[in-house]
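S.K.: Here it is, the structure, as structure tokens.
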Amino acid sequence: MSWLLNLAYLSVAILAAPWLVYRRMILKKRIGDWRQKLFGELPLRNSQRPCIWLHAVSVGEVVQLGPVLEQLQAQLPQHDLWISTTTVTGYEVAQKLYPQHSVSYFPIDFSWSVARALDRVVPSAIVLVELELWPNFIMAARHRQIPILLINGRVSDRSYRSYRWIRPLLSRILPQLQQIAVQNQTYANRLLDMGANPQQITITGSIKFDRVETNRQNARTLEIGHSFGVQADETLLIAGSTQAPEEELALAAYRSLHEEFPKLRLMLVPRHKERFEEVASLIERGGWPLLKRSRISQDSKFNDNANRPILMLDTLGELSACWGLAYIAFVGGSLSRRGGQNMIEPAGYGAAILFGPHTHNFKDVVALLLDADAAQVISRPEDFTSAIRALLVNPQQASEMGHRAQQLVTMQRGATRQTVDLIVAAVAPKNRIKRAA
């Protein structure tokens, strides 16, 4: 089966090659370390201690791992923790957030790549976040008798429709996982239909809620607010994790409303690093002064109400803390077709949350928020300004909506403890894995 999969991957790679070249040469998209990805040339782990390898695809999953890593370190201090990720931004954020742990890229699922990677890391256990089911990697790990766990498992509607086409393959892969910890019963049922066994599955809830900060006075939030010169009496609208044309909509709303609401401020946080300069140019072409996080000193203050700049967070890994400054939080990727971004973080701070109709990547969270009347949907781009104005006109409504969101986050906590217990149970009885020659 491994070589059939290799052939399929190579076919896809050949078809995708022109697009990959275009992304790299024209769009200037970074691709990360190809030696690690294509050949499994991960850094060689020299330690003889047992090791838990945790794989998180991108930034969101990397950040979610925070409380899991902390609890694993406390319960298994004799273990090394190794973190892999797929994207360049995920890799950079992992290095920044977890400098005490080893960080690498995840190998592409060719048999030679995964074999080399496993031989260099020599994990005692592997933990996959959400739904990373790479057949060659899983089969190679099981051949080495390495237990594999899937945590915070989720199967979106789109993924479920896609995976059903390869159910015969999944029915061979899923039973090789030792434990599957899922967020809810719906995802459990979908995994069972795809070939998992009932005894593998545990419903733990989502670890996304456990790492969410709820205290607006935390040190990171206060430092960011001070550096931007945000005053306590100002009303900050943050449009975060945005894609085109969401920045333009936020700027148009601010242009329309800032004279009527003189305490209103605007901060833009583009989703992708590659768009920072594009969004900065958009702001400056509109005639607005611009203050970028990457270029300000700790003592910078902007008290000129007549000429206050548009704020822009152009650094990685700081949006989660920055949401604590928001009075109104628009969560991007939702008026485009991306499928939305994480709205749990602004909910934890009690911000009044808005997002567009395209939120299928966070369907369950959106359902919880809307059922609790803790968020609002902007159905059409042309409704963006009116939605912001409605909350500014009725601050009590905004405050109550934010309070309900914060209560919801608090009530959903507890998944991390259950998840870590499953990981500890999987690795505790295992002896140290012997290093391959």
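Going through the structure tokens in order, the chains are called A, B, and so on, while each chain numbers its residues from 1 and the ligands are numbered from 1 in the order shown.
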Give me the residues near stretch 163-168 of chain A as a VMD selection string, where near means some atom within 7 Å (using only C-alpha atoms) and where sequence neighbours in that chain fewer than 4 positions away do not count.

M.R.: chain A and resid 159 172 194

S.K.: Which residues, written as an NGL selection string, have at least one atom at most 12 Å from A:Tyr187, with only C-alpha atoms counted and residues fewer than 5 positions away on the same chain left out?

M.R.: :A and (130-131 or 151-157 or 159-160 or 180-182 or 192-194 or 196 or 201-206 or 363-364)

S.K.: How would you write, as a ChimeraX atom specification, the set of residues in stretch 16-73 of chain A that DSSP gives as helix (DSSP H, G or I)?

M.R.: /A:16-25,34-39,59-73

S.K.: With N, CA and C atoms retained, export the selected residues as an mmCIF file, in the first residue's frame.

M.R.:
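Generated output (part-v1.cif):
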data_model
loop_
_atom_site.group_PDB
_atom_site.id
_atom_site.type_symbol
_atom_site.label_atom_id
_atom_site.label_comp_id
_atom_site.auth_asym_id
_atom_site.auth_seq_id
_atom_site.Cartn_x
_atom_site.Cartn_y
_atom_site.Cartn_z
ATOM 1 N N ALA A 16 0.301 19.551 -9.450
ATOM 2 C CA ALA A 16 0.284 20.800 -8.675
ATOM 3 C C ALA A 16 1.549 21.628 -8.869
ATOM 4 N N ALA A 17 2.562 21.071 -9.534
ATOM 5 C CA ALA A 17 3.851 21.749 -9.649
ATOM 6 C C ALA A 17 3.750 23.168 -10.212
ATOM 7 N N PRO A 18 3.004 23.393 -11.311
ATOM 8 C CA PRO A 18 2.921 24.775 -11.819
ATOM 9 C C PRO A 18 2.345 25.751 -10.787
ATOM 10 N N TRP A 19 1.337 25.301 -10.056
ATOM 11 C CA TRP A 19 0.749 26.166 -9.040
ATOM 12 C C TRP A 19 1.735 26.433 -7.907
ATOM 13 N N LEU A 20 2.499 25.416 -7.504
ATOM 14 C CA LEU A 20 3.481 25.591 -6.434
ATOM 15 C C LEU A 20 4.575 26.567 -6.866
ATOM 16 N N VAL A 21 5.018 26.445 -8.107
ATOM 17 C CA VAL A 21 6.036 27.372 -8.620
ATOM 18 C C VAL A 21 5.476 28.793 -8.657
ATOM 19 N N TYR A 22 4.231 28.928 -9.116
ATOM 20 C CA TYR A 22 3.599 30.252 -9.168
ATOM 21 C C TYR A 22 3.515 30.871 -7.776
ATOM 22 N N ARG A 23 3.091 30.075 -6.779
ATOM 23 C CA ARG A 23 2.999 30.576 -5.410
ATOM 24 C C ARG A 23 4.356 31.017 -4.884
ATOM 25 N N ARG A 24 5.382 30.251 -5.230
ATOM 26 C CA ARG A 24 6.710 30.562 -4.704
ATOM 27 C C ARG A 24 7.344 31.743 -5.438
ATOM 28 N N MET A 25 7.289 31.759 -6.757
ATOM 29 C CA MET A 25 8.020 32.749 -7.532
ATOM 30 C C MET A 25 7.251 34.043 -7.712
ATOM 31 N N TRP A 34 12.373 22.316 2.770
ATOM 32 C CA TRP A 34 12.001 21.194 1.914
ATOM 33 C C TRP A 34 12.762 19.923 2.272
ATOM 34 N N ARG A 35 13.942 20.043 2.851
ATOM 35 C CA ARG A 35 14.678 18.837 3.251
ATOM 36 C C ARG A 35 13.921 18.105 4.356
ATOM 37 N N GLN A 36 13.354 18.861 5.273
ATOM 38 C CA GLN A 36 12.562 18.228 6.316
ATOM 39 C C GLN A 36 11.271 17.646 5.740
ATOM 40 N N LYS A 37 10.616 18.405 4.877
ATOM 41 C CA LYS A 37 9.316 17.986 4.368
ATOM 42 C C LYS A 37 9.423 16.824 3.379
ATOM 43 N N LEU A 38 10.325 16.929 2.419
ATOM 44 C CA LEU A 38 10.370 15.959 1.330
ATOM 45 C C LEU A 38 11.195 14.722 1.669
ATOM 46 N N PHE A 39 12.240 14.895 2.467
ATOM 47 C CA PHE A 39 13.142 13.783 2.748
ATOM 48 C C PHE A 39 13.143 13.351 4.213
ATOM 49 N N VAL A 59 -1.161 27.607 12.639
ATOM 50 C CA VAL A 59 -1.076 28.482 13.800
ATOM 51 C C VAL A 59 -2.129 28.157 14.847
ATOM 52 N N GLY A 60 -3.384 27.990 14.417
ATOM 53 C CA GLY A 60 -4.451 27.755 15.379
ATOM 54 C C GLY A 60 -4.213 26.521 16.218
ATOM 55 N N GLU A 61 -3.849 25.424 15.580
ATOM 56 C CA GLU A 61 -3.605 24.190 16.309
ATOM 57 C C GLU A 61 -2.358 24.285 17.177
ATOM 58 N N VAL A 62 -1.335 25.011 16.691
ATOM 59 C CA VAL A 62 -0.115 25.197 17.477
ATOM 60 C C VAL A 62 -0.418 25.929 18.781
ATOM 61 N N VAL A 63 -1.190 26.996 18.682
ATOM 62 C CA VAL A 63 -1.520 27.777 19.879
ATOM 63 C C VAL A 63 -2.361 26.949 20.851
ATOM 64 N N GLN A 64 -3.277 26.144 20.319
ATOM 65 C CA GLN A 64 -4.121 25.302 21.166
ATOM 66 C C GLN A 64 -3.314 24.350 22.036
ATOM 67 N N LEU A 65 -2.144 23.965 21.563
ATOM 68 C CA LEU A 65 -1.347 22.980 22.283
ATOM 69 C C LEU A 65 -0.800 23.500 23.604
ATOM 70 N N GLY A 66 -0.838 24.822 23.816
ATOM 71 C CA GLY A 66 -0.229 25.412 25.012
ATOM 72 C C GLY A 66 -0.554 24.693 26.311
ATOM 73 N N PRO A 67 -1.826 24.614 26.713
ATOM 74 C CA PRO A 67 -2.148 23.960 27.981
ATOM 75 C C PRO A 67 -1.856 22.463 27.981
ATOM 76 N N VAL A 68 -1.962 21.802 26.819
ATOM 77 C CA VAL A 68 -1.625 20.380 26.743
ATOM 78 C C VAL A 68 -0.142 20.184 27.038
ATOM 79 N N LEU A 69 0.711 21.010 26.443
ATOM 80 C CA LEU A 69 2.146 20.908 26.677
ATOM 81 C C LEU A 69 2.487 21.175 28.140
ATOM 82 N N GLU A 70 1.844 22.176 28.715
ATOM 83 C CA GLU A 70 2.121 22.504 30.120
ATOM 84 C C GLU A 70 1.774 21.338 31.039
ATOM 85 N N GLN A 71 0.613 20.735 30.823
ATOM 86 C CA GLN A 71 0.208 19.637 31.684
ATOM 87 C C GLN A 71 1.029 18.375 31.434
ATOM 88 N N LEU A 72 1.411 18.127 30.187
ATOM 89 C CA LEU A 72 2.272 16.980 29.903
ATOM 90 C C LEU A 72 3.631 17.145 30.563
ATOM 91 N N GLN A 73 4.166 18.365 30.500
ATOM 92 C CA GLN A 73 5.458 18.618 31.115
ATOM 93 C C GLN A 73 5.399 18.406 32.626
#

S.K.: Show me, as a PyMOL selection string, the residues that have an atom within 8 Å of A:Gln243 when counting only C-alpha atoms, minus same-chain residues fewer than 2 positions from it.

M.R.: chain A and resi 241+245-247+270-271+332-333+336

S.K.: Excluding same-chain residues fewer than 3 positions from A:Gly317, what lies within 10 Å of it counting only C-alpha atoms, as a VMD selection string?

M.R.: chain A and resid 59 to 60 62 to 63 89 to 90 92 to 94 96 to 97 314 320 to 322

S.K.: Using only C-alpha atoms, pick whichever of A:Trp82, A:Trp53, A:Trp323, A:Trp112 has the shortest atom-to-atom distance to A:Leu222.

M.R.: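 Among the listed residues, the smallest separation from A:Leu222 belongs to A:Trp323.
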
S.K.: Using only C-alpha atoms, determine which residues lie at most 10 Å from stretch 261-265 of chain A, disregarding the query and same-chain residues fewer than 2 positions distant; provide the list as an NGL selection string.

M.R.: :A and (230-231 or 233-238 or 254 or 256-259 or 267 or 305-306 or 308-311 or 326-327 or 389 or 392-393)

S.K.: Can you tell me how far atom CA of A:Arg211 sits from atom CA of A:His226, in Å to one decimal?

M.R.: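 The value is 23.6 Å.
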